[in-house]
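**Student:** Following this message is one structure expressed as structure tokens.
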Amino acid sequence: MSRIDSKNRMDNQSFTTATLRKLRIPFFRSVDDAPICFCGHKIDCHLDHFFKCGDFKKATMSNKIRDGTMKVFQRIAPLAQYCKSKHDVDTERKGVVAKMKHKRPFDWYFLVNHHVASKLSNSTYL
């Protein structure tokens, strides 16, 4: 991505933070200067705490995004007649793929109403 366009550039604070983390330069002069995280633990001088803390984990954010998009799709799918009700939209169901019965390959999925979907295939906007 070209940095000639200003929209593709980091702001100064983000660039400084990324550089300090990459070069492993401490953010704080002493342990006493380190702030306290929302979880109650002190943040280390290299900010590694944010990658271990339960309040900032990638899985937590991913689950919140999954749950939010599922709620939206629970309203949209029945309106578009792709499924019969909002209860046909589910999260991380096991056994969807026959060869991997114990895996959960999808964040969320819905049971397609094949009878209605076959009639709508040429006329739906979704």
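Each chain in the structure tokens gets a letter, A, B and so on, in the order shown; residues start at 1 in every chain, and ligands are counted from 1 in the order they appear.
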Quick one: everything within 9 Å of A:Cys39, counting only C-alpha atoms, minus sequence neighbours fewer than 3 positions away in the same chain. Send it as a short mmCIF file (atom, residue, chain, number, x, y, z; two decimals) with N, CA, C and O atoms, in the first residue's frame.
**Tutor:**
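Result saved to around_8.cif:
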data_model
loop_
_atom_site.label_atom_id
_atom_site.label_comp_id
_atom_site.auth_asym_id
_atom_site.auth_seq_id
_atom_site.Cartn_x
_atom_site.Cartn_y
_atom_site.Cartn_z
N ILE A 36 -1.90 0.87 35.69
CA ILE A 36 -2.63 -0.34 36.05
C ILE A 36 -3.67 -0.61 34.97
O ILE A 36 -4.38 0.29 34.53
N LYS A 42 -0.43 -4.66 36.79
CA LYS A 42 0.42 -3.61 36.23
C LYS A 42 0.80 -3.97 34.79
O LYS A 42 1.02 -5.13 34.47
N CYS A 53 -3.78 -10.27 28.45
CA CYS A 53 -4.90 -9.88 29.31
C CYS A 53 -6.22 -10.40 28.75
O CYS A 53 -6.49 -10.32 27.55
N GLY A 54 -7.07 -10.91 29.62
CA GLY A 54 -8.37 -11.43 29.22
C GLY A 54 -9.30 -10.37 28.66
O GLY A 54 -10.19 -10.67 27.87
N ASP A 55 -9.12 -9.12 29.07
CA ASP A 55 -9.99 -8.05 28.58
C ASP A 55 -9.66 -7.62 27.15
O ASP A 55 -10.45 -6.96 26.50
#
**Student:** Using DSSP secondary structure from the backbone, list all alpha helix (DSSP H) positions within stretch 15-62 of chain A, as an mmCIF file with N, CA, C and O atoms, in the first residue's frame.
**Tutor:**
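Once everything was written out, this is result_22.cif:
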data_model
loop_
_atom_site.group_PDB
_atom_site.id
_atom_site.type_symbol
_atom_site.label_atom_id
_atom_site.label_comp_id
_atom_site.auth_asym_id
_atom_site.auth_seq_id
_atom_site.Cartn_x
_atom_site.Cartn_y
_atom_site.Cartn_z
ATOM 1 N N PHE A 15 2.675 5.220 15.144
ATOM 2 C CA PHE A 15 3.993 4.895 14.592
ATOM 3 C C PHE A 15 5.037 4.784 15.697
ATOM 4 O O PHE A 15 5.837 3.854 15.719
ATOM 5 N N THR A 16 5.011 5.726 16.631
ATOM 6 C CA THR A 16 5.955 5.702 17.744
ATOM 7 C C THR A 16 5.756 4.450 18.592
ATOM 8 O O THR A 16 6.725 3.773 18.962
ATOM 9 N N THR A 17 4.514 4.120 18.890
ATOM 10 C CA THR A 17 4.210 2.926 19.677
ATOM 11 C C THR A 17 4.690 1.670 18.961
ATOM 12 O O THR A 17 5.313 0.789 19.560
ATOM 13 N N ALA A 18 4.394 1.558 17.670
ATOM 14 C CA ALA A 18 4.809 0.382 16.890
ATOM 15 C C ALA A 18 6.333 0.268 16.842
ATOM 16 O O ALA A 18 6.884 -0.835 16.959
ATOM 17 N N THR A 19 7.019 1.371 16.692
ATOM 18 C CA THR A 19 8.486 1.363 16.636
ATOM 19 C C THR A 19 9.084 0.940 17.976
ATOM 20 O O THR A 19 9.999 0.112 18.021
ATOM 21 N N LEU A 20 8.560 1.489 19.068
ATOM 22 C CA LEU A 20 9.063 1.120 20.395
ATOM 23 C C LEU A 20 8.830 -0.366 20.677
ATOM 24 O O LEU A 20 9.697 -1.042 21.228
ATOM 25 N N ARG A 21 7.670 -0.886 20.288
ATOM 26 C CA ARG A 21 7.387 -2.315 20.498
ATOM 27 C C ARG A 21 8.299 -3.183 19.646
ATOM 28 O O ARG A 21 8.816 -4.188 20.110
ATOM 29 N N LYS A 22 8.489 -2.800 18.394
ATOM 30 C CA LYS A 22 9.329 -3.582 17.484
ATOM 31 C C LYS A 22 10.778 -3.630 17.961
ATOM 32 O O LYS A 22 11.421 -4.679 17.924
ATOM 33 N N LYS A 58 -7.831 -11.563 21.528
ATOM 34 C CA LYS A 58 -8.386 -11.611 20.177
ATOM 35 C C LYS A 58 -9.661 -12.456 20.140
ATOM 36 O O LYS A 58 -10.623 -12.116 19.465
ATOM 37 N N ALA A 59 -9.683 -13.548 20.890
ATOM 38 C CA ALA A 59 -10.856 -14.430 20.906
ATOM 39 C C ALA A 59 -12.076 -13.708 21.465
ATOM 40 O O ALA A 59 -13.189 -13.886 20.968
ATOM 41 N N THR A 60 -11.877 -12.886 22.478
ATOM 42 C CA THR A 60 -12.992 -12.137 23.068
ATOM 43 C C THR A 60 -13.589 -11.186 22.039
ATOM 44 O O THR A 60 -14.814 -11.117 21.882
ATOM 45 N N MET A 61 -12.734 -10.465 21.327
ATOM 46 C CA MET A 61 -13.227 -9.545 20.293
ATOM 47 C C MET A 61 -13.902 -10.312 19.168
ATOM 48 O O MET A 61 -14.958 -9.918 18.679
ATOM 49 N N SER A 62 -13.303 -11.432 18.749
ATOM 50 C CA SER A 62 -13.877 -12.235 17.675
ATOM 51 C C SER A 62 -15.258 -12.752 18.062
ATOM 52 O O SER A 62 -16.192 -12.730 17.243
#
**Student:** Need to verify the contact set: A:Asp88, 10 Å, only C-alpha atoms, exclusion of same-chain residues closer than 3 positions in sequence. Can you return it as an NGL selection string?
**Tutor:** :A and (74 or 77-78 or 82-85 or 109-113)
**Student:** Using Å and a single decimal, report how far atom CA of A:Phe73 sits from atom CA of A:Glu92.
**Tutor:**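 Here the two named atoms are 14.4 Å from each other.
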**Student:** Would you list the contacts of A:Phe27 as a ChimeraX atom specification, taking every protein, DNA or RNA residue within 8 Å and counting only C-alpha atoms, but skipping same-chain residues closer than 4 positions in sequence?
**Tutor:** /A:20,45-47
**Student:** Taking N, CA and C atoms for each residue, export the selection above as a tab-separated table (two decimals), in the first residue's frame.
**Tutor:**
chain	number	residue	atom	x	y	z
A	20	LEU	N	8.56	1.49	19.07
A	20	LEU	CA	9.06	1.12	20.39
A	20	LEU	C	8.83	-0.37	20.68
A	45	CYS	N	6.70	-2.94	30.86
A	45	CYS	CA	7.31	-1.82	30.14
A	45	CYS	C	7.28	-1.97	28.63
A	46	HIS	N	7.04	-3.18	28.10
A	46	HIS	CA	6.98	-3.40	26.65
A	46	HIS	C	5.55	-3.56	26.14
A	47	LEU	N	4.58	-3.39	27.01
A	47	LEU	CA	3.14	-3.50	26.70
A	47	LEU	C	2.72	-4.91	26.29
**Student:** Tell me, as a list in words, which residues lie within 8 Å of stretch 68-72 of chain A, counting only C-alpha atoms; anything in the same chain fewer than 2 positions away does not count.
**Tutor:**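 Those residues are Lys64, Ile65, Arg66, Gln74, Arg75, Ile76, Val89, Asp90, Thr91 and Trp108 of chain A.
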**Student:** Please write the residues from the selection above to a file, keeping all heavy atoms, as a PDB file, in the first residue's frame.
**Tutor:**
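File produced: again_28.pdb:
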ATOM      1  N   LYS A  64     -17.359 -11.386  20.162  1.00  0.00           N
ATOM      2  CA  LYS A  64     -18.311 -10.270  20.187  1.00  0.00           C
ATOM      3  C   LYS A  64     -18.733  -9.891  18.770  1.00  0.00           C
ATOM      4  O   LYS A  64     -19.899  -9.586  18.521  1.00  0.00           O
ATOM      5  CB  LYS A  64     -17.711  -9.071  20.924  1.00  0.00           C
ATOM      6  CG  LYS A  64     -17.635  -9.304  22.413  1.00  0.00           C
ATOM      7  CD  LYS A  64     -17.103  -8.108  23.146  1.00  0.00           C
ATOM      8  CE  LYS A  64     -17.048  -8.413  24.636  1.00  0.00           C
ATOM      9  NZ  LYS A  64     -16.597  -7.300  25.435  1.00  0.00           N
ATOM     10  N   ILE A  65     -17.804  -9.916  17.834  1.00  0.00           N
ATOM     11  CA  ILE A  65     -18.132  -9.636  16.433  1.00  0.00           C
ATOM     12  C   ILE A  65     -19.056 -10.724  15.898  1.00  0.00           C
ATOM     13  O   ILE A  65     -20.047 -10.449  15.235  1.00  0.00           O
ATOM     14  CB  ILE A  65     -16.847  -9.517  15.583  1.00  0.00           C
ATOM     15  CG1 ILE A  65     -16.073  -8.264  15.977  1.00  0.00           C
ATOM     16  CG2 ILE A  65     -17.177  -9.508  14.093  1.00  0.00           C
ATOM     17  CD1 ILE A  65     -14.675  -8.195  15.413  1.00  0.00           C
ATOM     18  N   ARG A  66     -18.735 -11.991  16.198  1.00  0.00           N
ATOM     19  CA  ARG A  66     -19.572 -13.110  15.763  1.00  0.00           C
ATOM     20  C   ARG A  66     -20.997 -12.975  16.306  1.00  0.00           C
ATOM     21  O   ARG A  66     -21.970 -13.103  15.571  1.00  0.00           O
ATOM     22  CB  ARG A  66     -18.966 -14.427  16.262  1.00  0.00           C
ATOM     23  CG  ARG A  66     -19.812 -15.644  15.927  1.00  0.00           C
ATOM     24  CD  ARG A  66     -19.555 -16.799  16.855  1.00  0.00           C
ATOM     25  NE  ARG A  66     -19.925 -16.452  18.210  1.00  0.00           N
ATOM     26  CZ  ARG A  66     -19.406 -17.008  19.289  1.00  0.00           C
ATOM     27  NH1 ARG A  66     -18.488 -17.921  19.189  1.00  0.00           N
ATOM     28  NH2 ARG A  66     -19.804 -16.634  20.485  1.00  0.00           N
ATOM     29  N   GLN A  74     -29.967 -12.792  12.183  1.00  0.00           N
ATOM     30  CA  GLN A  74     -31.217 -13.381  12.671  1.00  0.00           C
ATOM     31  C   GLN A  74     -32.416 -12.540  12.254  1.00  0.00           C
ATOM     32  O   GLN A  74     -33.516 -13.052  12.120  1.00  0.00           O
ATOM     33  CB  GLN A  74     -31.194 -13.528  14.197  1.00  0.00           C
ATOM     34  CG  GLN A  74     -30.401 -14.697  14.676  1.00  0.00           C
ATOM     35  CD  GLN A  74     -30.377 -14.808  16.189  1.00  0.00           C
ATOM     36  OE1 GLN A  74     -30.434 -13.807  16.896  1.00  0.00           O
ATOM     37  NE2 GLN A  74     -30.259 -16.021  16.686  1.00  0.00           N
ATOM     38  N   ARG A  75     -32.208 -11.261  12.036  1.00  0.00           N
ATOM     39  CA  ARG A  75     -33.300 -10.393  11.571  1.00  0.00           C
ATOM     40  C   ARG A  75     -33.402 -10.373  10.054  1.00  0.00           C
ATOM     41  O   ARG A  75     -34.487 -10.316   9.494  1.00  0.00           O
ATOM     42  CB  ARG A  75     -33.083  -8.981  12.104  1.00  0.00           C
ATOM     43  CG  ARG A  75     -33.207  -8.911  13.619  1.00  0.00           C
ATOM     44  CD  ARG A  75     -33.151  -7.520  14.125  1.00  0.00           C
ATOM     45  NE  ARG A  75     -34.349  -6.799  13.710  1.00  0.00           N
ATOM     46  CZ  ARG A  75     -34.497  -5.496  13.855  1.00  0.00           C
ATOM     47  NH1 ARG A  75     -33.534  -4.782  14.387  1.00  0.00           N
ATOM     48  NH2 ARG A  75     -35.601  -4.909  13.468  1.00  0.00           N
ATOM     49  N   ILE A  76     -32.251 -10.416   9.367  1.00  0.00           N
ATOM     50  CA  ILE A  76     -32.246 -10.278   7.911  1.00  0.00           C
ATOM     51  C   ILE A  76     -32.671 -11.556   7.197  1.00  0.00           C
ATOM     52  O   ILE A  76     -33.456 -11.515   6.253  1.00  0.00           O
ATOM     53  CB  ILE A  76     -30.836  -9.850   7.424  1.00  0.00           C
ATOM     54  CG1 ILE A  76     -30.538  -8.443   7.876  1.00  0.00           C
ATOM     55  CG2 ILE A  76     -30.727  -9.960   5.918  1.00  0.00           C
ATOM     56  CD1 ILE A  76     -29.132  -7.998   7.580  1.00  0.00           C
ATOM     57  N   VAL A  89     -30.794 -19.584  12.628  1.00  0.00           N
ATOM     58  CA  VAL A  89     -29.434 -19.032  12.616  1.00  0.00           C
ATOM     59  C   VAL A  89     -28.773 -19.434  13.927  1.00  0.00           C
ATOM     60  O   VAL A  89     -29.318 -19.206  14.998  1.00  0.00           O
ATOM     61  CB  VAL A  89     -29.451 -17.498  12.468  1.00  0.00           C
ATOM     62  CG1 VAL A  89     -28.047 -16.939  12.458  1.00  0.00           C
ATOM     63  CG2 VAL A  89     -30.203 -17.087  11.219  1.00  0.00           C
ATOM     64  N   ASP A  90     -27.592 -20.061  13.846  1.00  0.00           N
ATOM     65  CA  ASP A  90     -26.941 -20.596  15.036  1.00  0.00           C
ATOM     66  C   ASP A  90     -25.446 -20.284  14.988  1.00  0.00           C
ATOM     67  O   ASP A  90     -24.900 -19.992  13.925  1.00  0.00           O
ATOM     68  CB  ASP A  90     -27.155 -22.116  15.088  1.00  0.00           C
ATOM     69  CG  ASP A  90     -26.890 -22.691  16.466  1.00  0.00           C
ATOM     70  OD1 ASP A  90     -26.672 -21.925  17.412  1.00  0.00           O
ATOM     71  OD2 ASP A  90     -26.904 -23.931  16.582  1.00  0.00           O
ATOM     72  N   THR A  91     -24.779 -20.355  16.137  1.00  0.00           N
ATOM     73  CA  THR A  91     -23.337 -20.114  16.190  1.00  0.00           C
ATOM     74  C   THR A  91     -22.585 -21.403  16.457  1.00  0.00           C
ATOM     75  O   THR A  91     -23.000 -22.230  17.266  1.00  0.00           O
ATOM     76  CB  THR A  91     -22.958 -19.118  17.304  1.00  0.00           C
ATOM     77  OG1 THR A  91     -23.399 -19.640  18.550  1.00  0.00           O
ATOM     78  CG2 THR A  91     -23.556 -17.770  17.068  1.00  0.00           C
ATOM     79  N   TRP A 108     -20.935 -18.613  12.432  1.00  0.00           N
ATOM     80  CA  TRP A 108     -22.387 -18.781  12.484  1.00  0.00           C
ATOM     81  C   TRP A 108     -22.871 -19.273  11.140  1.00  0.00           C
ATOM     82  O   TRP A 108     -22.177 -19.151  10.155  1.00  0.00           O
ATOM     83  CB  TRP A 108     -23.111 -17.508  12.909  1.00  0.00           C
ATOM     84  CG  TRP A 108     -22.793 -16.285  12.108  1.00  0.00           C
ATOM     85  CD1 TRP A 108     -21.895 -15.322  12.413  1.00  0.00           C
ATOM     86  CD2 TRP A 108     -23.377 -15.891  10.861  1.00  0.00           C
ATOM     87  NE1 TRP A 108     -21.866 -14.363  11.443  1.00  0.00           N
ATOM     88  CE2 TRP A 108     -22.783 -14.683  10.476  1.00  0.00           C
ATOM     89  CE3 TRP A 108     -24.345 -16.437  10.039  1.00  0.00           C
ATOM     90  CZ2 TRP A 108     -23.116 -14.032   9.313  1.00  0.00           C
ATOM     91  CZ3 TRP A 108     -24.682 -15.771   8.877  1.00  0.00           C
ATOM     92  CH2 TRP A 108     -24.066 -14.584   8.535  1.00  0.00           C
TER      93      TRP A 108
END
